[in-house]
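Engineer: Quick one: this structure, given as C-alpha cells, is what I'll be asking you about.
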Amino acid sequence: MTAQAVILAIEDEPRNAALLRAALRPDSFELHIETSLADGRAWLAERVPGVILLDRHLPDGDALELVRELRAGPHGPAWRILLVTASVLDADREAAAEAGCDAFIAKPINVRGLIEEIRRQLSR
C-alpha cells in the first residue's frame, strides 16, 4: 500500500474548503485545511506537505507573502505551491509566478484539473 500524499490547503471560504474535502478524497490524499496564514505557518513549522494549495486573499494577508517566505527558506525550491484563486487577471498570474508559485489554479475550481496538477507536482 502506498502512503497518501499530504496536502495542506489554506482556504478561508467554507464552501471552497468543502469542495476540496470532497475532491481530494481520503483514499487518495491526506488533506489538512487551515483558514489563515498564521494557522498555515504554524502547521508548516511542524510538517512538510507534498503540495500546498493557497487561496490568494486570506483574512490575515496576501498568500504570496507566505510563498516568498517559503521560497527564501532552507527548503525553498522543494516546496510545491499551487495558488488557487478567483483573482485571475494576467497581473495576478504574473504576481504568482514572480512570488514562486509552481502553478495557478483559477476558481471556480475544475476538480479534474486540480487533481491532475497535484499529481503532476507530486511526481516532480
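Every chain in the C-alpha cells takes a letter, A first, then B, and so on in the order presented; its residues are numbered from 1, and the ligands are numbered from 1 following the presented order.
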Among stretch 64-122 of chain A, which ones does DSSP place in strand (DSSP E), written as a CSV table (one decimal) with all heavy atoms, in the first residue's frame?

Structural biologist:
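Ended up saving to out11.csv:
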```csv
chain,number,residue,atom,x,y,z
A,81,ILE,N,3.9,24.5,-4.6
A,81,ILE,CA,2.9,25.5,-4.2
A,81,ILE,C,2.0,25.9,-5.3
A,81,ILE,O,2.4,26.3,-6.4
A,81,ILE,CB,3.6,26.8,-3.7
A,81,ILE,CG1,4.6,26.5,-2.5
A,81,ILE,CG2,2.5,27.8,-3.2
A,81,ILE,CD1,5.4,27.6,-2.1
A,82,LEU,N,0.7,25.7,-5.1
A,82,LEU,CA,-0.3,26.0,-6.1
A,82,LEU,C,-1.2,27.1,-5.6
A,82,LEU,O,-1.8,27.0,-4.5
A,82,LEU,CB,-1.2,24.8,-6.4
A,82,LEU,CG,-0.6,23.7,-7.3
A,82,LEU,CD1,0.6,23.0,-6.7
A,82,LEU,CD2,-1.7,22.7,-7.6
A,83,LEU,N,-1.3,28.2,-6.3
A,83,LEU,CA,-2.2,29.3,-5.9
A,83,LEU,C,-3.5,29.0,-6.5
A,83,LEU,O,-3.7,28.7,-7.7
A,83,LEU,CB,-1.7,30.6,-6.5
A,83,LEU,CG,-2.4,31.8,-5.9
A,83,LEU,CD1,-2.0,32.0,-4.4
A,83,LEU,CD2,-2.0,33.1,-6.7
A,84,VAL,N,-4.5,28.9,-5.7
A,84,VAL,CA,-5.9,28.6,-6.1
A,84,VAL,C,-6.7,29.9,-5.8
A,84,VAL,O,-7.0,30.1,-4.6
A,84,VAL,CB,-6.4,27.4,-5.3
A,84,VAL,CG1,-7.8,27.0,-5.8
A,84,VAL,CG2,-5.5,26.2,-5.5
A,85,THR,N,-7.1,30.6,-6.8
A,85,THR,CA,-7.7,31.9,-6.5
A,85,THR,C,-8.8,32.3,-7.6
A,85,THR,O,-8.7,31.9,-8.7
A,85,THR,CB,-6.6,33.0,-6.5
A,85,THR,OG1,-7.1,34.3,-6.2
A,85,THR,CG2,-5.8,33.0,-7.8
A,103,ALA,N,2.2,26.6,-9.8
A,103,ALA,CA,1.0,26.6,-10.7
A,103,ALA,C,0.0,27.5,-10.2
A,103,ALA,O,-0.1,27.9,-9.1
A,103,ALA,CB,0.4,25.1,-10.8
A,104,PHE,N,-0.9,27.9,-11.1
A,104,PHE,CA,-2.0,28.8,-10.9
A,104,PHE,C,-3.3,28.1,-11.2
A,104,PHE,O,-3.5,27.7,-12.4
A,104,PHE,CB,-1.8,30.1,-11.8
A,104,PHE,CG,-2.7,31.2,-11.5
A,104,PHE,CD1,-2.4,32.3,-10.7
A,104,PHE,CD2,-4.0,31.2,-12.1
A,104,PHE,CE1,-3.2,33.3,-10.5
A,104,PHE,CE2,-4.9,32.3,-11.9
A,104,PHE,CZ,-4.5,33.3,-11.1
A,105,ILE,N,-4.2,28.0,-10.3
A,105,ILE,CA,-5.5,27.3,-10.5
A,105,ILE,C,-6.6,28.3,-10.3
A,105,ILE,O,-6.7,28.9,-9.2
A,105,ILE,CB,-5.7,26.1,-9.5
A,105,ILE,CG1,-4.6,25.2,-9.5
A,105,ILE,CG2,-7.1,25.5,-9.7
A,105,ILE,CD1,-4.4,24.4,-10.7
A,106,ALA,N,-7.4,28.6,-11.3
A,106,ALA,CA,-8.5,29.6,-11.2
A,106,ALA,C,-9.7,29.0,-10.6
A,106,ALA,O,-10.0,27.8,-10.7
A,106,ALA,CB,-8.8,30.1,-12.6
```

Engineer: Find the residues around A:Asp102 up to 10 Å (only C-alpha atoms counted), leave out those fewer than 6 positions away in its own chain, and share them as an NGL selection string.

Structural biologist: :A and (51-52 or 77 or 79-83 or 96 or 117 or 121)

Engineer: Give the answer as one residue: which of A:Arg47, A:Leu58, A:Leu31, A:Ala99 has the shortest atom-to-atom distance to A:Leu70, using only C-alpha atoms?

Structural biologist: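 Distance minimum relative to A:Leu70 lands on A:Ala99.
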
Engineer: Using only C-alpha atoms, pick whichever of A:Leu24, A:Ser87, A:Pro49, A:Glu94 has the shortest atom-to-atom distance to A:Asp62.

Structural biologist: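 Of A:Leu24, A:Ser87, A:Pro49, A:Glu94, the one nearest A:Asp62, counting only C-alpha atoms, is A:Ser87.
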
Engineer: Separation of atom CA of A:His57 and atom CA of A:Ala86, in Å?

Structural biologist: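 A separation of 9.1 Å between them.
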
Engineer: Which is closest to A:Arg21 among A:Val111, A:Asp90, A:Ala45, A:Ala78, if we use only C-alpha atoms?

Structural biologist: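 Looking only at the distances to A:Arg21, the closest residue turns out to be A:Val111.
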
Engineer: Do a neighbour search on A:Asp12 at 12 Å with only C-alpha atoms, toss out local chain neighbours closer than 2 positions, and write the hits as a list in words.

Structural biologist: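 Residues meeting the cut-off are Ala9, Ile10, Pro14, Arg15, Asn16, Ala17, Ala18, Leu20, Ile33, Glu34, Thr35, Ser36, Leu37, Ala38, Asp39, Gly40, Leu53, Leu54, Asp55, Arg56, His57, Leu58, Pro59, Asp60, Gly61, Ala63, Val84 and Thr85 of chain A.
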
Engineer: As an exercise, work out the distance from atom CA of A:Leu8 to atom CA of A:Val48 in Å and give it to one decimal place.

Structural biologist: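 Between atom CA of A:Leu8 and atom CA of A:Val48 the gap works out to 8.8 Å.
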
Engineer: Pick out the closest residue to A:Pro108 from this set: A:His75, A:Arg41, A:Leu19, A:Asp92. Count only C-alpha atoms.

Structural biologist: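 Among the listed residues, the smallest separation from A:Pro108 belongs to A:Leu19.
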
Engineer: Which one of A:Leu122, A:Val67, A:Ala22, A:Ala5 sits closest to A:Glu98 if you count only C-alpha atoms?

Structural biologist: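 Comparing A:Leu122, A:Val67, A:Ala22, A:Ala5 against A:Glu98, the winner is A:Val67.
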
Engineer: Write out as a PyMOL selection string all residues of stretch 16-116 of chain A that backbone DSSP assigns to alpha helix (DSSP H).

Structural biologist: chain A and resi 16-23+37-46+63-72+90-99+111-116

Engineer: Store the residues picked out above in a file with N, CA and C atoms, as a CSV table (one decimal), in the first residue's frame.

Structural biologist:
```
chain,number,residue,atom,x,y,z
A,16,ASN,N,-15.5,26.5,-0.4
A,16,ASN,CA,-14.3,26.1,-1.2
A,16,ASN,C,-13.6,25.0,-0.4
A,17,ALA,N,-13.5,25.1,0.9
A,17,ALA,CA,-12.9,24.1,1.8
A,17,ALA,C,-13.7,22.8,1.6
A,18,ALA,N,-15.0,22.8,1.6
A,18,ALA,CA,-15.9,21.6,1.5
A,18,ALA,C,-15.6,21.0,0.1
A,19,LEU,N,-15.5,21.8,-0.9
A,19,LEU,CA,-15.2,21.3,-2.3
A,19,LEU,C,-13.9,20.5,-2.3
A,20,LEU,N,-12.9,21.1,-1.6
A,20,LEU,CA,-11.5,20.5,-1.6
A,20,LEU,C,-11.6,19.1,-0.8
A,21,ARG,N,-12.4,19.1,0.3
A,21,ARG,CA,-12.6,17.9,1.0
A,21,ARG,C,-13.2,16.8,0.2
A,22,ALA,N,-14.2,17.2,-0.6
A,22,ALA,CA,-14.9,16.2,-1.4
A,22,ALA,C,-14.0,15.8,-2.6
A,23,ALA,N,-13.3,16.7,-3.2
A,23,ALA,CA,-12.5,16.4,-4.4
A,23,ALA,C,-11.2,15.5,-4.0
A,37,LEU,N,-3.3,32.6,7.2
A,37,LEU,CA,-1.9,32.5,7.0
A,37,LEU,C,-1.2,32.1,8.3
A,38,ALA,N,-1.6,32.6,9.4
A,38,ALA,CA,-1.0,32.3,10.7
A,38,ALA,C,-1.1,30.8,11.0
A,39,ASP,N,-2.3,30.3,10.8
A,39,ASP,CA,-2.5,28.9,11.1
A,39,ASP,C,-1.7,28.0,10.1
A,40,GLY,N,-1.6,28.4,8.9
A,40,GLY,CA,-0.9,27.7,7.9
A,40,GLY,C,0.6,27.7,8.2
A,41,ARG,N,1.1,28.9,8.7
A,41,ARG,CA,2.6,29.0,9.1
A,41,ARG,C,2.8,28.0,10.2
A,42,ALA,N,1.9,28.0,11.2
A,42,ALA,CA,2.1,27.1,12.4
A,42,ALA,C,2.1,25.7,12.0
A,43,TRP,N,1.2,25.3,11.1
A,43,TRP,CA,1.1,23.9,10.6
A,43,TRP,C,2.4,23.6,9.8
A,44,LEU,N,2.9,24.5,9.0
A,44,LEU,CA,4.1,24.2,8.2
A,44,LEU,C,5.4,24.2,9.1
A,45,ALA,N,5.4,24.8,10.2
A,45,ALA,CA,6.5,24.8,11.1
A,45,ALA,C,6.8,23.4,11.7
A,46,GLU,N,5.8,22.5,11.6
A,46,GLU,CA,5.9,21.2,12.2
A,46,GLU,C,5.8,20.1,11.1
A,63,ALA,N,-1.5,35.7,0.4
A,63,ALA,CA,-0.8,34.4,0.4
A,63,ALA,C,0.6,34.5,-0.3
A,64,LEU,N,0.7,35.4,-1.2
A,64,LEU,CA,2.0,35.5,-1.9
A,64,LEU,C,3.1,35.8,-0.9
A,65,GLU,N,2.8,36.5,0.2
A,65,GLU,CA,3.8,36.8,1.2
A,65,GLU,C,4.4,35.4,1.8
A,66,LEU,N,3.5,34.5,2.0
A,66,LEU,CA,3.9,33.2,2.5
A,66,LEU,C,4.7,32.4,1.4
A,67,VAL,N,4.3,32.5,0.2
A,67,VAL,CA,5.1,31.9,-0.9
A,67,VAL,C,6.5,32.4,-0.9
A,68,ARG,N,6.7,33.7,-0.8
A,68,ARG,CA,8.0,34.3,-0.8
A,68,ARG,C,8.8,33.9,0.4
A,69,GLU,N,8.2,33.8,1.6
A,69,GLU,CA,8.9,33.3,2.8
A,69,GLU,C,9.4,31.9,2.6
A,70,LEU,N,8.5,31.0,2.1
A,70,LEU,CA,8.9,29.6,1.9
A,70,LEU,C,10.0,29.5,0.9
A,71,ARG,N,9.9,30.2,-0.2
A,71,ARG,CA,11.0,30.1,-1.2
A,71,ARG,C,12.3,30.6,-0.7
A,72,ALA,N,12.3,31.6,0.2
A,72,ALA,CA,13.5,32.2,0.8
A,72,ALA,C,14.1,31.3,1.9
A,90,ASP,N,-4.3,38.8,-15.7
A,90,ASP,CA,-2.9,38.5,-16.1
A,90,ASP,C,-1.9,39.0,-15.0
A,91,ALA,N,-2.2,40.1,-14.4
A,91,ALA,CA,-1.3,40.6,-13.4
A,91,ALA,C,-1.3,39.7,-12.2
A,92,ASP,N,-2.4,39.0,-11.9
A,92,ASP,CA,-2.4,38.1,-10.8
A,92,ASP,C,-1.6,36.8,-11.1
A,93,ARG,N,-1.7,36.4,-12.3
A,93,ARG,CA,-0.9,35.2,-12.8
A,93,ARG,C,0.6,35.6,-12.7
A,94,GLU,N,1.0,36.8,-13.2
A,94,GLU,CA,2.4,37.2,-13.2
A,94,GLU,C,2.9,37.3,-11.7
A,95,ALA,N,2.1,37.9,-10.8
A,95,ALA,CA,2.5,38.0,-9.5
A,95,ALA,C,2.7,36.7,-8.8
A,96,ALA,N,1.9,35.7,-9.1
A,96,ALA,CA,2.0,34.4,-8.6
A,96,ALA,C,3.3,33.7,-9.1
A,97,ALA,N,3.6,33.9,-10.3
A,97,ALA,CA,4.8,33.3,-10.9
A,97,ALA,C,6.1,34.0,-10.3
A,98,GLU,N,6.0,35.3,-10.2
A,98,GLU,CA,7.1,36.0,-9.6
A,98,GLU,C,7.4,35.7,-8.2
A,99,ALA,N,6.3,35.4,-7.4
A,99,ALA,CA,6.5,35.0,-6.0
A,99,ALA,C,7.0,33.6,-5.8
A,111,VAL,N,-12.2,20.5,-10.7
A,111,VAL,CA,-11.7,19.4,-9.9
A,111,VAL,C,-10.7,18.5,-10.6
A,112,ARG,N,-11.1,18.1,-11.7
A,112,ARG,CA,-10.2,17.2,-12.5
A,112,ARG,C,-8.9,17.8,-12.8
A,113,GLY,N,-8.9,19.1,-13.2
A,113,GLY,CA,-7.7,19.8,-13.5
A,113,GLY,C,-6.8,20.0,-12.2
A,114,LEU,N,-7.5,20.2,-11.1
A,114,LEU,CA,-6.8,20.4,-9.8
A,114,LEU,C,-6.1,19.1,-9.5
A,115,ILE,N,-6.8,18.0,-9.5
A,115,ILE,CA,-6.2,16.7,-9.2
A,115,ILE,C,-5.0,16.4,-10.1
A,116,GLU,N,-5.2,16.7,-11.4
A,116,GLU,CA,-4.1,16.4,-12.4
A,116,GLU,C,-2.9,17.3,-12.0
```

Engineer: Expressed in Å to a single decimal, how great is the separation between atom CA of A:Ile7 and atom CA of A:Glu30?

Structural biologist: 6.0 Å
